$ cat model-v1.pdb   # PDB, C-alpha atoms
ATOM      1  CA  MET J  17     -10.968 -23.285  -3.077
ATOM      2  CA  PRO J  18      -8.094 -23.194  -0.557
ATOM      3  CA  PRO J  19      -4.648 -24.113  -1.906
ATOM      4  CA  GLY J  20      -3.992 -27.863  -1.635
ATOM      5  CA  GLU J  21      -7.670 -28.729  -1.172
ATOM      6  CA  ARG J  22      -8.968 -31.509  -3.396
ATOM      7  CA  PRO J  23     -11.991 -30.649  -5.545
ATOM      8  CA  SER J  24     -15.423 -31.986  -4.699
ATOM      9  CA  PHE J  25     -16.230 -35.355  -6.217
ATOM     10  CA  ARG J  26     -19.476 -33.922  -7.554
ATOM     11  CA  PHE J  27     -18.012 -30.784  -9.084
ATOM     12  CA  ARG J  28     -15.108 -32.762 -10.521
ATOM     13  CA  ARG J  29     -17.567 -35.095 -12.254
ATOM     14  CA  ILE J  30     -19.521 -32.119 -13.627
ATOM     15  CA  GLY J  31     -16.328 -30.474 -14.843
ATOM     16  CA  GLU J  32     -15.029 -33.598 -16.553
ATOM     17  CA  THR J  33     -18.321 -34.015 -18.404
ATOM     18  CA  LEU J  34     -18.420 -30.363 -19.472
ATOM     19  CA  ARG J  35     -14.888 -30.676 -20.833
ATOM     20  CA  VAL J  36     -15.896 -33.710 -22.899
ATOM     21  CA  ILE J  37     -18.943 -31.889 -24.290
ATOM     22  CA  ARG J  38     -16.911 -28.782 -25.132
ATOM     23  CA  GLN J  39     -14.348 -30.883 -26.954
ATOM     24  CA  GLU J  40     -17.107 -32.758 -28.785
ATOM     25  CA  ASN J  41     -18.242 -29.364 -30.061
ATOM     26  CA  GLY J  42     -14.716 -28.704 -31.265
ATOM     27  CA  TRP J  43     -14.381 -25.616 -29.052
ATOM     28  CA  THR J  44     -11.353 -24.316 -27.217
ATOM     29  CA  LEU J  45     -11.770 -22.761 -23.787
ATOM     30  CA  GLU J  46     -11.520 -19.357 -25.412
ATOM     31  CA  THR J  47     -14.253 -20.168 -27.932
ATOM     32  CA  ALA J  48     -16.561 -21.548 -25.247
ATOM     33  CA  GLY J  49     -15.827 -18.501 -23.111
ATOM     34  CA  ARG J  50     -16.988 -16.165 -25.858
ATOM     35  CA  VAL J  51     -20.213 -18.167 -26.312
ATOM     36  CA  LEU J  52     -20.918 -18.161 -22.574
ATOM     37  CA  ASP J  53     -19.554 -14.676 -21.844
ATOM     38  CA  ARG J  54     -17.125 -16.194 -19.339
ATOM     39  CA  SER J  55     -13.379 -16.084 -19.098
ATOM     40  CA  ALA J  56     -11.364 -19.105 -20.181
ATOM     41  CA  ALA J  57      -9.866 -19.206 -16.691
ATOM     42  CA  SER J  58     -13.314 -19.459 -15.124
ATOM     43  CA  LEU J  59     -14.294 -22.315 -17.424
ATOM     44  CA  SER J  60     -11.008 -24.078 -16.743
ATOM     45  CA  ALA J  61     -11.675 -23.871 -13.000
ATOM     46  CA  ILE J  62     -15.148 -25.384 -13.499
ATOM     47  CA  GLU J  63     -13.804 -28.176 -15.701
ATOM     48  CA  ASN J  64     -11.200 -29.065 -13.070
ATOM     49  CA  GLY J  65     -13.795 -29.142 -10.299
ATOM     50  CA  LEU J  66     -12.172 -26.181  -8.557
ATOM     51  CA  GLN J  67     -15.161 -23.842  -8.823
ATOM     52  CA  PRO J  68     -18.661 -24.755  -7.599
ATOM     53  CA  ILE J  69     -21.401 -24.219 -10.135
ATOM     54  CA  ARG J  70     -25.046 -23.383  -9.449
ATOM     55  CA  PRO J  71     -27.743 -25.431 -11.187
ATOM     56  CA  ARG J  72     -29.007 -22.384 -13.111
ATOM     57  CA  ASP J  73     -25.502 -21.591 -14.381
ATOM     58  CA  LEU J  74     -24.983 -25.217 -15.359
ATOM     59  CA  LYS J  75     -28.322 -25.199 -17.186
ATOM     60  CA  HIS J  76     -27.194 -22.147 -19.170
ATOM     61  CA  ILE J  77     -23.913 -23.837 -20.138
ATOM     62  CA  LEU J  78     -25.699 -27.012 -21.222
ATOM     63  CA  ASP J  79     -28.159 -24.948 -23.275
ATOM     64  CA  GLU J  80     -25.340 -23.099 -25.042
ATOM     65  CA  TYR J  81     -23.429 -26.345 -25.577
ATOM     66  CA  GLY J  82     -26.510 -27.777 -27.290
ATOM     67  CA  VAL J  83     -27.101 -30.569 -24.782
ATOM     68  CA  THR J  84     -30.808 -31.415 -24.997
ATOM     69  CA  ASP J  85     -30.858 -35.106 -24.048
ATOM     70  CA  PRO J  86     -32.399 -35.446 -20.541
ATOM     71  CA  ALA J  87     -30.323 -38.577 -19.966
ATOM     72  CA  ARG J  88     -27.227 -36.383 -20.134
ATOM     73  CA  ARG J  89     -28.574 -33.173 -18.631
ATOM     74  CA  ASP J  90     -30.540 -34.444 -15.645
ATOM     75  CA  PRO J  91     -27.711 -36.315 -13.840
ATOM     76  CA  LEU J  92     -25.451 -33.269 -14.113
ATOM     77  CA  LEU J  93     -28.130 -30.894 -12.826
ATOM     78  CA  ALA J  94     -28.847 -33.326  -9.977
ATOM     79  CA  LEU J  95     -25.154 -33.304  -9.046
ATOM     80  CA  ALA J  96     -25.085 -29.513  -8.982
ATOM     81  CA  GLY J  97     -28.161 -29.436  -6.752
ATOM     82  CA  GLN J  98     -26.806 -32.061  -4.368
ATOM     83  CA  GLY J  99     -23.565 -30.151  -4.008
ATOM     84  CA  ARG J 100     -25.489 -27.283  -2.386
ATOM     85  CA  GLN J 101     -27.679 -29.365  -0.063
ATOM     86  CA  LYS J 102     -27.174 -29.175   3.664
ATOM     87  CA  GLY J 103     -26.782 -32.381   5.660
ATOM     88  CA  TRP J 104     -25.687 -33.386   9.138
ATOM     89  CA  TRP J 105     -22.040 -33.122   8.007
ATOM     90  CA  HIS J 106     -22.363 -29.342   7.663
ATOM     91  CA  THR J 107     -22.270 -29.095  11.466
ATOM     92  CA  PHE J 108     -18.579 -29.958  11.038
ATOM     93  CA  GLU J 109     -17.843 -27.080   8.671
ATOM     94  CA  GLN J 110     -14.829 -25.004   9.682
ATOM     95  CA  ARG J 111     -13.564 -28.037  11.619
ATOM     96  CA  LEU J 112     -12.952 -30.618   8.883
ATOM     97  CA  SER J 113     -11.867 -30.256   5.267
ATOM     98  CA  PRO J 114     -14.427 -29.815   2.466
ATOM     99  CA  THR J 115     -13.133 -33.055   0.937
ATOM    100  CA  THR J 116     -13.973 -34.958   4.115
ATOM    101  CA  LEU J 117     -17.445 -33.410   4.271
ATOM    102  CA  ASP J 118     -17.995 -34.184   0.610
ATOM    103  CA  PHE J 119     -17.125 -37.826   1.282
ATOM    104  CA  ALA J 120     -19.803 -38.016   3.971
ATOM    105  CA  SER J 121     -22.286 -36.454   1.576
ATOM    106  CA  LEU J 122     -21.549 -39.127  -1.032
ATOM    107  CA  GLU J 123     -21.843 -41.806   1.613
ATOM    108  CA  SER J 124     -25.235 -40.459   2.654
ATOM    109  CA  ASP J 125     -26.474 -40.628  -0.955
ATOM    110  CA  ALA J 126     -25.231 -44.175  -1.544
ATOM    111  CA  THR J 127     -27.608 -47.078  -2.119
ATOM    112  CA  ALA J 128     -24.765 -49.584  -1.815
ATOM    113  CA  ILE J 129     -21.295 -49.458  -0.286
ATOM    114  CA  ARG J 130     -18.645 -52.097  -0.912
ATOM    115  CA  SER J 131     -15.337 -52.042   0.912
ATOM    116  CA  PHE J 132     -12.219 -54.144   1.342
ATOM    117  CA  GLU J 133     -10.106 -53.476   4.440
ATOM    118  CA  LEU J 134      -7.249 -55.780   5.375
ATOM    119  CA  HIS J 135      -5.745 -54.205   8.470
ATOM    120  CA  VAL J 136      -8.424 -52.179  10.203
ATOM    121  CA  VAL J 137     -12.165 -52.413  10.826
ATOM    122  CA  PRO J 138     -14.055 -50.076   8.426
ATOM    123  CA  GLY J 139     -15.030 -46.725   9.930
ATOM    124  CA  LEU J 140     -18.748 -47.410   9.538
ATOM    125  CA  LEU J 141     -18.422 -50.403  11.867
ATOM    126  CA  GLN J 142     -15.997 -49.101  14.499
ATOM    127  CA  THR J 143     -16.818 -48.579  18.163
ATOM    128  CA  ARG J 144     -15.865 -45.233  19.631
ATOM    129  CA  GLU J 145     -13.037 -46.804  21.647
ATOM    130  CA  TYR J 146     -11.607 -48.554  18.606
ATOM    131  CA  ALA J 147     -11.916 -45.394  16.477
ATOM    132  CA  THR J 148     -10.051 -43.461  19.158
ATOM    133  CA  LYS J 149      -7.134 -45.865  18.920
ATOM    134  CA  VAL J 150      -7.111 -45.829  15.108
ATOM    135  CA  ILE J 151      -7.262 -42.046  14.842
ATOM    136  CA  GLY J 152      -4.762 -41.554  17.651
ATOM    137  CA  GLY J 153      -2.294 -43.858  15.922
ATOM    138  CA  SER J 154      -2.739 -42.479  12.408
ATOM    139  CA  GLY J 155       0.566 -40.615  12.491
ATOM    140  CA  VAL J 156      -0.820 -37.104  11.998
ATOM    141  CA  GLU J 157       1.562 -34.812  13.843
ATOM    142  CA  LEU J 158       0.593 -32.025  16.197
ATOM    143  CA  ARG J 159      -3.009 -33.188  16.425
ATOM    144  CA  THR J 160      -4.682 -31.734  19.494
ATOM    145  CA  SER J 161      -7.002 -33.735  21.710
ATOM    146  CA  ARG J 162      -9.855 -31.493  20.549
ATOM    147  CA  ALA J 163      -9.080 -32.189  16.891
ATOM    148  CA  MET J 164      -9.099 -35.912  17.636
ATOM    149  CA  GLU J 165     -12.479 -35.659  19.356
ATOM    150  CA  ILE J 166     -13.923 -33.874  16.320
ATOM    151  CA  GLU J 167     -12.709 -36.652  14.003
ATOM    152  CA  ILE J 168     -14.077 -39.323  16.329
ATOM    153  CA  ASP J 169     -17.449 -37.556  16.591
ATOM    154  CA  PHE J 170     -17.548 -37.291  12.810
ATOM    155  CA  ARG J 171     -16.800 -40.984  12.360
ATOM    156  CA  MET J 172     -19.526 -41.959  14.792
ATOM    157  CA  ALA J 173     -21.994 -39.624  13.067
ATOM    158  CA  ARG J 174     -21.280 -41.263   9.715
ATOM    159  CA  GLN J 175     -22.579 -44.538  11.093
ATOM    160  CA  ARG J 176     -26.147 -43.226  11.345
ATOM    161  CA  ILE J 177     -26.687 -44.140   7.695
ATOM    162  CA  LEU J 178     -26.824 -47.810   8.722
ATOM    163  CA  THR J 179     -29.797 -47.223  11.007
ATOM    164  CA  GLY J 180     -31.624 -44.627   8.914
ATOM    165  CA  THR J 181     -34.855 -45.027   6.988
ATOM    166  CA  ARG J 182     -33.050 -45.828   3.729
ATOM    167  CA  PRO J 183     -29.824 -47.588   4.729
ATOM    168  CA  PRO J 184     -27.406 -48.579   1.970
ATOM    169  CA  GLN J 185     -26.541 -52.188   1.282
ATOM    170  CA  LEU J 186     -23.152 -52.540   2.978
ATOM    171  CA  SER J 187     -20.890 -55.342   1.746
ATOM    172  CA  THR J 188     -17.489 -55.412   3.350
ATOM    173  CA  VAL J 189     -14.531 -57.764   3.437
ATOM    174  CA  ILE J 190     -12.295 -57.455   6.502
ATOM    175  CA  GLY J 191      -8.889 -59.073   6.716
ATOM    176  CA  GLU J 192      -8.248 -61.484   9.573
ATOM    177  CA  ALA J 193      -5.382 -59.204  10.596
ATOM    178  CA  ALA J 194      -7.882 -56.446  11.447
ATOM    179  CA  LEU J 195      -9.626 -58.765  13.898
ATOM    180  CA  ARG J 196      -6.418 -59.960  15.555
ATOM    181  CA  GLN J 197      -4.545 -56.642  15.711
ATOM    182  CA  MET J 198      -4.961 -55.255  19.226
ATOM    183  CA  MET J 199      -6.347 -51.729  19.282
ATOM    184  CA  GLY J 200      -6.412 -50.927  22.970
ATOM    185  CA  ASP J 201      -6.967 -53.653  25.545
ATOM    186  CA  GLN J 202      -8.869 -56.920  25.309
ATOM    187  CA  ALA J 203     -12.092 -55.321  26.500
ATOM    188  CA  THR J 204     -11.895 -52.760  23.664
ATOM    189  CA  MET J 205     -11.421 -55.512  21.096
ATOM    190  CA  ARG J 206     -14.196 -57.601  22.604
ATOM    191  CA  ARG J 207     -16.639 -54.721  22.289
ATOM    192  CA  GLN J 208     -15.472 -54.103  18.721
ATOM    193  CA  LEU J 209     -16.026 -57.731  17.772
ATOM    194  CA  ASP J 210     -19.443 -57.645  19.437
ATOM    195  CA  LYS J 211     -20.356 -54.624  17.326
ATOM    196  CA  LEU J 212     -19.326 -56.442  14.154
ATOM    197  CA  LEU J 213     -21.456 -59.411  15.181
ATOM    198  CA  VAL J 214     -24.504 -57.196  15.783
ATOM    199  CA  ALA J 215     -23.974 -55.347  12.492
ATOM    200  CA  SER J 216     -23.662 -58.610  10.561
ATOM    201  CA  ARG J 217     -27.195 -59.514  11.630
ATOM    202  CA  LEU J 218     -28.691 -56.452   9.955
ATOM    203  CA  PRO J 219     -30.475 -57.375   6.714
ATOM    204  CA  HIS J 220     -28.586 -54.734   4.727
ATOM    205  CA  VAL J 221     -25.096 -55.636   6.005
ATOM    206  CA  HIS J 222     -23.024 -58.425   4.469
ATOM    207  CA  LEU J 223     -19.732 -58.958   6.275
ATOM    208  CA  GLN J 224     -16.999 -61.397   5.281
ATOM    209  CA  VAL J 225     -13.573 -62.160   6.747
ATOM    210  CA  LEU J 226     -10.543 -62.848   4.538
ATOM    211  CA  PRO J 227      -8.426 -65.411   6.446
ATOM    212  CA  PHE J 228      -4.635 -65.519   6.523
ATOM    213  CA  ALA J 229      -4.908 -68.875   4.748
ATOM    214  CA  SER J 230      -6.098 -67.079   1.597
ATOM    215  CA  GLY J 231      -2.454 -66.527   0.746
ATOM    216  CA  SER J 232      -1.263 -63.834  -1.678
ATOM    217  CA  ALA J 233      -4.600 -61.992  -1.751
ATOM    218  CA  SER J 234      -4.182 -61.112   1.900
ATOM    219  CA  ARG J 235      -0.802 -59.473   1.185
ATOM    220  CA  ASP J 236      -2.363 -56.742  -0.951
ATOM    221  CA  ARG J 237      -2.249 -53.797   1.435
ATOM    222  CA  ARG J 238      -4.607 -51.527  -0.490
ATOM    223  CA  ALA J 239      -7.992 -50.572   0.925
ATOM    224  CA  VAL J 240     -10.733 -50.432  -1.692
ATOM    225  CA  ARG J 241     -14.134 -48.816  -1.437
ATOM    226  CA  HIS J 242     -16.947 -48.307  -3.925
ATOM    227  CA  HIS J 243     -20.259 -46.489  -3.651
ATOM    228  CA  GLY J 244     -23.261 -47.590  -5.665
ATOM    229  CA  CYS J 245     -25.280 -44.389  -5.717
ATOM    230  CA  ARG J 246     -28.596 -42.878  -6.574
ATOM    231  CA  PRO J 247     -28.860 -41.316 -10.050
ATOM    232  CA  GLY J 248     -26.632 -38.295 -10.466
ATOM    233  CA  THR J 249     -24.178 -39.229  -7.733
ATOM    234  CA  PRO J 250     -20.504 -40.167  -8.295
ATOM    235  CA  SER J 251     -19.837 -43.811  -7.596
ATOM    236  CA  ALA J 252     -16.488 -43.966  -5.868
ATOM    237  CA  GLY J 253     -14.613 -42.485  -2.946
ATOM    238  CA  ARG J 254     -11.911 -43.275  -0.424
ATOM    239  CA  ASP J 255     -12.743 -44.057   3.154
ATOM    240  CA  ARG J 256     -10.717 -42.297   5.827
ATOM    241  CA  THR J 257     -11.491 -45.390   7.996
TER     242      THR J 257
END

$ encode --input "model-v1.pdb" --output "structure tokens"
Amino acid sequence: MPPGERPSFRFRRIGETLRVIRQENGWTLETAGRVLDRSAASLSAIENGLQPIRPRDLKHILDEYGVTDPARRDPLLALAGQGRQKGWWHTFEQRLSPTTLDFASLESDATAIRSFELHVVPGLLQTREYATKVIGGSGVELRTSRAMEIEIDFRMARQRILTGTRPPQLSTVIGEAALRQMMGDQATMRRQLDKLLVASRLPHVHLQVLPFASGSASRDRRAVRHHGCRPGTPSAGRDRT
């Protein structure tokens, strides 16, 4: 994994669970390494989510760790398999970070998505014009026009989950500030508001607006997002908006 790159959500979840199981067995990394014929460094990398693991290798580790309960094994093996699946996001490989692609993968697997955004419309509900203004004003230095187009294309592609055959239940709270803050001209905002109106009519989209009158709650600047996922999929992630 490249220096500075965050580990995959899936592989981090696998690694955390393997660490717990190893410790339940009372084994050090060195002891587990001898049992598995692996180096302690290799196991440490797996436990920290820094090294991808194939389902067959994970199965071997679980066997040696004495994990026989399907309720514990199956979700982990499903995670390892999902981590190697190819999806539409792989067309953006070499152009966006693995962490960003992994986020889209989690989003694609979600059965429910809940988000809370005070100051900007969520990425899944943005028009292309609005997304262009948000990405262009994100403060990332030395971003080329081509790099911006890639990010915008990626954001638009993410939205296909809302019109797919198995769309997630999307529940989102948007702050009034996001609807009043001008991103571009009036025509851009009008089209953005129209898109929100159309989306709110979808049976699987529940959209609410938090008004300024709500008081102190509206001063919390944090954006929150939660994925309710299919079995074997991590449940949380952070939206790049």

$ resolve_selection --input "model-v1.pdb" --expression "the PyMOL selection byres ((chain J and resi 182-184) around 8)" --output "list of chain:residue names"
J:Ala126, J:Thr127, J:Ala128, J:Ile129, J:Ile177, J:Leu178, J:Thr179, J:Gly180, J:Thr181, J:Gln185, J:Leu186, J:His220

$ closest_residue --input "model-v1.pdb" --among "J:Leu218, J:Ser60, J:Glu192, J:Thr148" --to "Ala163 in chain J" --atoms "all atoms listed in the file"
J:Thr148

$ atom_distance --input "model-v1.pdb" --atom1 "CA of Gln67 in chain J" --atom2 "CA of Glu46 in chain J"
17.6 Å

$ closest_residue --input "model-v1.pdb" --among "J:Arg50, J:Arg144, J:Lys149, J:Arg26" --to "Arg171 in chain J" --atoms "all atoms listed in the file"
J:Arg144

$ resolve_selection --input "model-v1.pdb" --expression "the PyMOL selection byres ((chain J and resi 105) around 12)" --output "ChimeraX atom specification"
/J:101-104,106-124,166-167,169-177

$ atom_distance --input "model-v1.pdb" --atom1 "CA of Glu133 in chain J" --atom2 "CA of Phe228 in chain J"
13.4 Å

$ closest_atom_pairs --input "model-v1.pdb" --of "range 127-176 of chain J" --to "range 193-207 of chain J" --cutoff "7 Å" --atoms "all atoms listed in the file" --output "Markdown table"
| residue | atom | partner | partner_atom | distance |
| --- | --- | --- | --- | --- |
| J:Leu134 | CA | J:Ala194 | CA | 6.1 |
| J:His135 | CA | J:Ala194 | CA | 4.3 |
| J:Val136 | CA | J:Ala194 | CA | 4.5 |
| J:Val137 | CA | J:Ala194 | CA | 5.9 |
| J:Glu145 | CA | J:Thr204 | CA | 6.4 |
| J:Tyr146 | CA | J:Met199 | CA | 6.2 |
| J:Lys149 | CA | J:Met199 | CA | 5.9 |

$ closest_residue --input "model-v1.pdb" --among "J:Arg38, J:His222, J:Arg28, J:Arg72" --to "Arg130 in chain J" --atoms "all atoms listed in the file"
J:His222

$ residues_around --input "model-v1.pdb" --residues "Ala147 in chain J" --least-positions-apart "5" --cutoff "8 Å" --atoms "only C-alpha atoms" --output "PyMOL selection string"
chain J and resi 139+142+168+171

$ atom_distance --input "model-v1.pdb" --atom1 "CA of Thr47 in chain J" --atom2 "CA of Asp73 in chain J"
17.7 Å

$ axis_aligned_box --input "model-v1.pdb" --around "range 128-144 of chain J" --padding-each-side "8 Å" --output "JSON"
{"center_x": -15.3, "center_y": -50.5, "center_z": 8.9, "size_x": 35.0, "size_y": 26.5, "size_z": 37.4}

$ closest_residue --input "model-v1.pdb" --among "J:Gly152, J:Gly42, J:Pro71, J:Gly231" --to "Gly191 in chain J" --atoms "only C-alpha atoms"
J:Gly231

$ closest_residue --input "model-v1.pdb" --among "J:Gly65, J:Leu209, J:Ser161, J:Phe132" --to "Gln224 in chain J" --atoms "only C-alpha atoms"
J:Phe132

$ build_atoms --input "model-v1.pdb" --residues "range 86-97 of chain J" --atoms "all heavy atoms" --output "mmCIF file, in the coordinates of the input"
data_model
loop_
_atom_site.group_PDB
_atom_site.id
_atom_site.type_symbol
_atom_site.label_atom_id
_atom_site.label_comp_id
_atom_site.auth_asym_id
_atom_site.auth_seq_id
_atom_site.Cartn_x
_atom_site.Cartn_y
_atom_site.Cartn_z
ATOM 1 N N PRO J 86 -32.207 -35.399 -21.998
ATOM 2 C CA PRO J 86 -32.399 -35.446 -20.541
ATOM 3 C C PRO J 86 -31.499 -36.472 -19.856
ATOM 4 O O PRO J 86 -31.106 -36.278 -18.705
ATOM 5 C CB PRO J 86 -33.877 -35.819 -20.386
ATOM 6 C CG PRO J 86 -34.520 -35.375 -21.662
ATOM 7 C CD PRO J 86 -33.490 -35.598 -22.719
ATOM 8 N N ALA J 87 -31.178 -37.545 -20.563
ATOM 9 C CA ALA J 87 -30.323 -38.577 -19.966
ATOM 10 C C ALA J 87 -28.929 -38.034 -19.675
ATOM 11 O O ALA J 87 -28.216 -38.569 -18.808
ATOM 12 C CB ALA J 87 -30.230 -39.781 -20.896
ATOM 13 N N ARG J 88 -28.537 -36.991 -20.374
ATOM 14 C CA ARG J 88 -27.227 -36.383 -20.134
ATOM 15 C C ARG J 88 -27.332 -35.157 -19.242
ATOM 16 O O ARG J 88 -26.452 -34.907 -18.424
ATOM 17 C CB ARG J 88 -26.596 -36.010 -21.478
ATOM 18 C CG ARG J 88 -25.081 -35.893 -21.427
ATOM 19 C CD ARG J 88 -24.493 -35.730 -22.806
ATOM 20 N NE ARG J 88 -23.053 -35.972 -22.793
ATOM 21 C CZ ARG J 88 -22.259 -35.811 -23.833
ATOM 22 N NH1 ARG J 88 -22.772 -35.413 -25.000
ATOM 23 N NH2 ARG J 88 -20.962 -36.054 -23.749
ATOM 24 N N ARG J 89 -28.404 -34.405 -19.402
ATOM 25 C CA ARG J 89 -28.574 -33.173 -18.631
ATOM 26 C C ARG J 89 -28.943 -33.444 -17.175
ATOM 27 O O ARG J 89 -28.358 -32.861 -16.250
ATOM 28 C CB ARG J 89 -29.674 -32.304 -19.259
ATOM 29 C CG ARG J 89 -29.352 -31.665 -20.570
ATOM 30 C CD ARG J 89 -30.588 -30.953 -21.138
ATOM 31 N NE ARG J 89 -31.019 -29.862 -20.283
ATOM 32 C CZ ARG J 89 -30.669 -28.595 -20.457
ATOM 33 N NH1 ARG J 89 -29.887 -28.261 -21.459
ATOM 34 N NH2 ARG J 89 -31.117 -27.646 -19.644
ATOM 35 N N ASP J 90 -29.946 -34.294 -16.970
ATOM 36 C CA ASP J 90 -30.540 -34.444 -15.645
ATOM 37 C C ASP J 90 -29.540 -34.911 -14.575
ATOM 38 O O ASP J 90 -29.534 -34.374 -13.459
ATOM 39 C CB ASP J 90 -31.744 -35.388 -15.697
ATOM 40 C CG ASP J 90 -32.903 -34.783 -16.489
ATOM 41 O OD1 ASP J 90 -32.841 -33.578 -16.813
ATOM 42 O OD2 ASP J 90 -33.865 -35.532 -16.784
ATOM 43 N N PRO J 91 -28.682 -35.921 -14.869
ATOM 44 C CA PRO J 91 -27.711 -36.315 -13.840
ATOM 45 C C PRO J 91 -26.761 -35.194 -13.439
ATOM 46 O O PRO J 91 -26.420 -35.048 -12.265
ATOM 47 C CB PRO J 91 -26.961 -37.482 -14.500
ATOM 48 C CG PRO J 91 -27.918 -38.033 -15.504
ATOM 49 C CD PRO J 91 -28.640 -36.831 -16.029
ATOM 50 N N LEU J 92 -26.356 -34.378 -14.418
ATOM 51 C CA LEU J 92 -25.451 -33.269 -14.113
ATOM 52 C C LEU J 92 -26.147 -32.214 -13.257
ATOM 53 O O LEU J 92 -25.569 -31.704 -12.283
ATOM 54 C CB LEU J 92 -24.932 -32.636 -15.396
ATOM 55 C CG LEU J 92 -23.984 -33.488 -16.244
ATOM 56 C CD1 LEU J 92 -23.661 -32.778 -17.552
ATOM 57 C CD2 LEU J 92 -22.710 -33.802 -15.469
ATOM 58 N N LEU J 93 -27.386 -31.880 -13.601
ATOM 59 C CA LEU J 93 -28.130 -30.894 -12.826
ATOM 60 C C LEU J 93 -28.411 -31.419 -11.417
ATOM 61 O O LEU J 93 -28.405 -30.652 -10.450
ATOM 62 C CB LEU J 93 -29.434 -30.542 -13.543
ATOM 63 C CG LEU J 93 -29.257 -29.766 -14.858
ATOM 64 C CD1 LEU J 93 -30.571 -29.687 -15.621
ATOM 65 C CD2 LEU J 93 -28.720 -28.364 -14.579
ATOM 66 N N ALA J 94 -28.642 -32.732 -11.306
ATOM 67 C CA ALA J 94 -28.847 -33.326 -9.977
ATOM 68 C C ALA J 94 -27.578 -33.212 -9.136
ATOM 69 O O ALA J 94 -27.634 -32.899 -7.946
ATOM 70 C CB ALA J 94 -29.264 -34.792 -10.112
ATOM 71 N N LEU J 95 -26.425 -33.444 -9.762
ATOM 72 C CA LEU J 95 -25.154 -33.304 -9.046
ATOM 73 C C LEU J 95 -24.957 -31.889 -8.532
ATOM 74 O O LEU J 95 -24.537 -31.674 -7.397
ATOM 75 C CB LEU J 95 -23.989 -33.677 -9.960
ATOM 76 C CG LEU J 95 -23.721 -35.153 -10.220
ATOM 77 C CD1 LEU J 95 -22.557 -35.313 -11.180
ATOM 78 C CD2 LEU J 95 -23.432 -35.877 -8.919
ATOM 79 N N ALA J 96 -25.252 -30.912 -9.379
ATOM 80 C CA ALA J 96 -25.085 -29.513 -8.982
ATOM 81 C C ALA J 96 -26.011 -29.169 -7.825
ATOM 82 O O ALA J 96 -25.633 -28.438 -6.906
ATOM 83 C CB ALA J 96 -25.344 -28.586 -10.173
ATOM 84 N N GLY J 97 -27.227 -29.689 -7.846
ATOM 85 C CA GLY J 97 -28.161 -29.436 -6.752
ATOM 86 C C GLY J 97 -27.741 -30.099 -5.472
ATOM 87 O O GLY J 97 -27.821 -29.517 -4.383
#
